[in-house]
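Encoded as structure tokens, the structure appears first; notes follow it.
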Amino acid sequence: MPTINVTPAMVERLAAKGLTDKELVLITDDAGGKYSLNGGACSLGSTFTIIVLDQPDPDYQLKMENNAGLHIWTSKYDTMFFESGLTLDYKNHSVEIRDDAHVLDNAVQIANGQEVLTAFGKGMQASGGNC
């Protein structure tokens, strides 16, 4: 089971947005998944998004153990980009994900999963893809 530390500042941020009781999916936002907002080959593993859902998504079956008791999920594919010491933090008005070695993304987005799927269903495209 993948593990992630969630800092008190991040828990406060999620609580302020009313998200602590939601299903949260942590994705590597590389334009390959159904919730991807941006990314592409050039940014592989450097852009992450937290997708907010009301119900678990069977495509993201790996529950992430965390110190905050949150319902955080991911996929086997996404775990390829996780190293030891994975931490979600909120500082300088931004969500950051880092590991023991480096900051992976200091501008993690939080998006409503249903809104993302609805937008894509209406023909809207995710941004990004150019190097």
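Here's how to read the names in the structure tokens: chain A, B, ... by the order shown, residue numbers from 1 in each chain, ligand numbers from 1 in the order shown.
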
6 Å contact set for range 100-114 of chain A, only C-alpha atoms, chain neighbours under 2 positions out, as a PDB file with C-alpha atoms, in the first residue's frame:
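Full text of part.pdb as output:
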```pdb
ATOM      1  CA  SER A  46       6.327  16.410 -12.892  1.00  0.00           C
ATOM      2  CA  THR A  47       2.672  17.468 -12.749  1.00  0.00           C
ATOM      3  CA  PHE A  48       0.149  16.122 -10.254  1.00  0.00           C
ATOM      4  CA  THR A  49      -3.548  16.710  -9.631  1.00  0.00           C
ATOM      5  CA  ILE A  50      -5.894  15.793  -6.799  1.00  0.00           C
ATOM      6  CA  ILE A  51      -9.260  14.730  -8.202  1.00  0.00           C
ATOM      7  CA  VAL A  52     -12.244  15.098  -5.858  1.00  0.00           C
ATOM      8  CA  LEU A  53     -14.980  12.465  -6.110  1.00  0.00           C
ATOM      9  CA  GLY A  85       8.879  10.264   1.984  1.00  0.00           C
ATOM     10  CA  SER A  94       0.005  26.381  -3.203  1.00  0.00           C
ATOM     11  CA  VAL A  95      -0.337  22.631  -2.851  1.00  0.00           C
ATOM     12  CA  GLU A  96       3.026  20.904  -3.059  1.00  0.00           C
ATOM     13  CA  ILE A  97       3.967  17.254  -3.420  1.00  0.00           C
ATOM     14  CA  ARG A  98       7.498  16.190  -2.584  1.00  0.00           C
ATOM     15  CA  VAL A 116     -13.551  17.188 -15.516  1.00  0.00           C
ATOM     16  CA  LEU A 117     -15.422  14.254 -17.064  1.00  0.00           C
TER      17      LEU A 117
END
```

**Prompt:** In range 76-126 of chain A, what's strand (DSSP E) per DSSP? Answer as a PyMOL selection string?
**Reply:** chain A and resi 87-91+94-98+103-112

Take the residues from that selection and write them out as a CSV table (one decimal), in the first residue's frame, keeping C-alpha atoms.
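This went into result22.csv:
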```csv
chain,number,residue,atom,x,y,z
A,87,THR,CA,4.3,14.3,1.3
A,88,LEU,CA,1.4,16.6,0.4
A,89,ASP,CA,1.8,20.1,1.9
A,90,TYR,CA,0.1,23.5,1.6
A,91,LYS,CA,2.5,26.5,1.7
A,94,SER,CA,0.0,26.4,-3.2
A,95,VAL,CA,-0.3,22.6,-2.9
A,96,GLU,CA,3.0,20.9,-3.1
A,97,ILE,CA,4.0,17.3,-3.4
A,98,ARG,CA,7.5,16.2,-2.6
A,103,VAL,CA,9.8,18.7,-4.9
A,104,LEU,CA,7.8,16.9,-7.5
A,105,ASP,CA,5.3,19.6,-8.1
A,106,ASN,CA,4.7,22.9,-6.3
A,107,ALA,CA,1.5,23.8,-8.1
A,108,VAL,CA,-0.7,20.7,-7.6
A,109,GLN,CA,-4.2,21.4,-8.8
A,110,ILE,CA,-7.4,20.2,-7.1
A,111,ALA,CA,-10.2,19.5,-9.5
A,112,ASN,CA,-13.8,18.1,-9.2
```

**Request:** Find the spatial neighbours of Leu14 in chain A, counting only C-alpha atoms, within a cut-off of 10 Å - ignore same-chain residues fewer than 6 positions away - and output them as a list of chain:residue names.
**Result:**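 These residues fall inside the cut-off: A:Pro8, A:Thr20, A:Asp21, A:Lys22, A:Leu70, A:Tyr90, A:Ile110.
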
**Prompt:** Using only C-alpha atoms, which of the listed residues (A:Pro56, A:Ala68, A:Asp29, A:Leu86) sits closest to Glu12 in chain A?
**Reply:**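 Comparing A:Pro56, A:Ala68, A:Asp29, A:Leu86 against Glu12 in chain A, the winner is A:Ala68.
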
**Prompt:** What gap, in Å, lies between CA of Asp59 in chain A and CA of His71 in chain A?
**Reply:**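 Interatomic distance, CA of Asp59 in chain A to CA of His71 in chain A: 14.9 Å.
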